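Below is one structure, written out as structure tokens; comments come after it.
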Amino acid sequence: TFTDVQGKEWFAADVMALAANSNEIIKGYPDGSFGPYDKLTIDQFITMLVRASGEKAEPSSEYWAINYLKKAKALGFLKDGDFPDFRAEITREQMAVLMIRWLEQKEDLSGLDTSKVADAILDFV
């Protein structure tokens, strides 16, 4: 559990499910908080995608996310020159681009749950 997610918030169940996932998609901050109202940064989002892939990367003392960024490049969904500053807030468009690339790298999407995907975009999944 996180010190700043009490369970009553609209997002609490999803945050806790991602934190409880065996890949630890969300870990939160070292002080035990999640920061639900913080802006999501590019490096944080890429880290979640790497973890969702089942990959691990050790945090670095020079820059915590550098090994996750290297892993994302190796996995093929991050390209050189994509972002001038990985610490910047990520836009929805940037998230969509990374998600599409990430999904394209997945070999087997047979377990993908499309039951909650809107009919208008189902053909694109």
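Following the order of the structure tokens, chains are lettered A, B, ..., residues in each are numbered from 1, and ligands are numbered from 1.
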
Contact residues around A:Val50 with only C-alpha atoms at 9 Å, ignoring same-chain residues under 2 positions, as a ChimeraX atom specification: /A:25,45-48,52-57,68-69,71-72,75,102

Who sits within 9 Å of A:Arg101, only C-alpha atoms, same chain under 4 positions skipped, as a ChimeraX atom specification: /A:76-78,96-97,105

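The two atoms in question, atom CA of A:Asp31 and atom CA of A:Met95, are spaced 26.4 Å apart.
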
Which of chain A fall in helix (DSSP H, G or I), as a PyMOL selection string: chain A and resi 12-20+42-52+66-75+92-105+119-124

Keeping C-alpha atoms for every residue in the selection just given, could you write it to a file as a PDB file, in the first residue's frame?
ATOM      1  CA  ALA A  12      -7.071   3.307  -5.988  1.00  0.00           C
ATOM      2  CA  ALA A  13      -8.049  -0.194  -7.156  1.00  0.00           C
ATOM      3  CA  ASP A  14      -6.120   0.154 -10.425  1.00  0.00           C
ATOM      4  CA  VAL A  15      -3.038   1.572  -8.720  1.00  0.00           C
ATOM      5  CA  MET A  16      -3.040  -1.223  -6.174  1.00  0.00           C
ATOM      6  CA  ALA A  17      -3.500  -3.875  -8.892  1.00  0.00           C
ATOM      7  CA  LEU A  18      -0.510  -2.539 -10.839  1.00  0.00           C
ATOM      8  CA  ALA A  19       1.560  -2.376  -7.660  1.00  0.00           C
ATOM      9  CA  ALA A  20       0.591  -5.948  -6.713  1.00  0.00           C
ATOM     10  CA  ILE A  42       8.333  10.175 -19.811  1.00  0.00           C
ATOM     11  CA  ASP A  43      10.899   8.119 -17.904  1.00  0.00           C
ATOM     12  CA  GLN A  44       8.280   6.908 -15.422  1.00  0.00           C
ATOM     13  CA  PHE A  45       5.943   5.769 -18.206  1.00  0.00           C
ATOM     14  CA  ILE A  46       8.730   3.999 -20.093  1.00  0.00           C
ATOM     15  CA  THR A  47       9.747   2.274 -16.863  1.00  0.00           C
ATOM     16  CA  MET A  48       6.192   0.974 -16.412  1.00  0.00           C
ATOM     17  CA  LEU A  49       6.178  -0.417 -19.962  1.00  0.00           C
ATOM     18  CA  VAL A  50       9.518  -2.156 -19.431  1.00  0.00           C
ATOM     19  CA  ARG A  51       8.213  -3.702 -16.211  1.00  0.00           C
ATOM     20  CA  ALA A  52       4.927  -4.676 -17.895  1.00  0.00           C
ATOM     21  CA  ILE A  66      18.914   5.094 -17.491  1.00  0.00           C
ATOM     22  CA  ASN A  67      18.873   1.286 -17.444  1.00  0.00           C
ATOM     23  CA  TYR A  68      15.111   1.217 -18.077  1.00  0.00           C
ATOM     24  CA  LEU A  69      15.620   3.512 -21.074  1.00  0.00           C
ATOM     25  CA  LYS A  70      18.363   1.239 -22.406  1.00  0.00           C
ATOM     26  CA  LYS A  71      16.077  -1.763 -21.934  1.00  0.00           C
ATOM     27  CA  ALA A  72      13.235   0.045 -23.755  1.00  0.00           C
ATOM     28  CA  LYS A  73      15.566   0.693 -26.693  1.00  0.00           C
ATOM     29  CA  ALA A  74      16.624  -2.959 -26.700  1.00  0.00           C
ATOM     30  CA  LEU A  75      12.957  -4.003 -26.649  1.00  0.00           C
ATOM     31  CA  ARG A  92      -1.246  11.497 -24.083  1.00  0.00           C
ATOM     32  CA  GLU A  93       0.010  11.476 -27.655  1.00  0.00           C
ATOM     33  CA  GLN A  94       3.468  10.365 -26.529  1.00  0.00           C
ATOM     34  CA  MET A  95       1.903   7.653 -24.359  1.00  0.00           C
ATOM     35  CA  ALA A  96      -0.137   6.412 -27.314  1.00  0.00           C
ATOM     36  CA  VAL A  97       2.925   6.254 -29.590  1.00  0.00           C
ATOM     37  CA  LEU A  98       4.927   4.320 -26.997  1.00  0.00           C
ATOM     38  CA  MET A  99       2.008   1.965 -26.274  1.00  0.00           C
ATOM     39  CA  ILE A 100       1.531   1.175 -29.969  1.00  0.00           C
ATOM     40  CA  ARG A 101       5.237   0.465 -30.412  1.00  0.00           C
ATOM     41  CA  TRP A 102       5.253  -1.602 -27.220  1.00  0.00           C
ATOM     42  CA  LEU A 103       2.275  -3.663 -28.394  1.00  0.00           C
ATOM     43  CA  GLU A 104       3.875  -4.167 -31.810  1.00  0.00           C
ATOM     44  CA  GLN A 105       6.886  -5.759 -30.090  1.00  0.00           C
ATOM     45  CA  ASP A 119     -16.174  -0.930 -30.600  1.00  0.00           C
ATOM     46  CA  ALA A 120     -14.976   2.060 -32.633  1.00  0.00           C
ATOM     47  CA  ILE A 121     -11.326   1.125 -32.136  1.00  0.00           C
ATOM     48  CA  LEU A 122     -11.539  -2.638 -31.681  1.00  0.00           C
ATOM     49  CA  ASP A 123     -10.231  -3.339 -35.200  1.00  0.00           C
ATOM     50  CA  PHE A 124      -7.001  -1.532 -34.301  1.00  0.00           C
TER      51      PHE A 124
END

10 Å contact set for A:Ser33, only C-alpha atoms, chain neighbours under 4 positions out, as an MDAnalysis selection string: chainID A and resid 1:5 27:29

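In this comparison, which uses only C-alpha atoms, the residue of A:Lys106, A:Arg87, A:Lys39, A:Lys8 approaching A:Trp64 most closely is A:Arg87.
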
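The space between atom CA of A:Phe34 and atom CA of A:Phe11 spans 11.6 Å.
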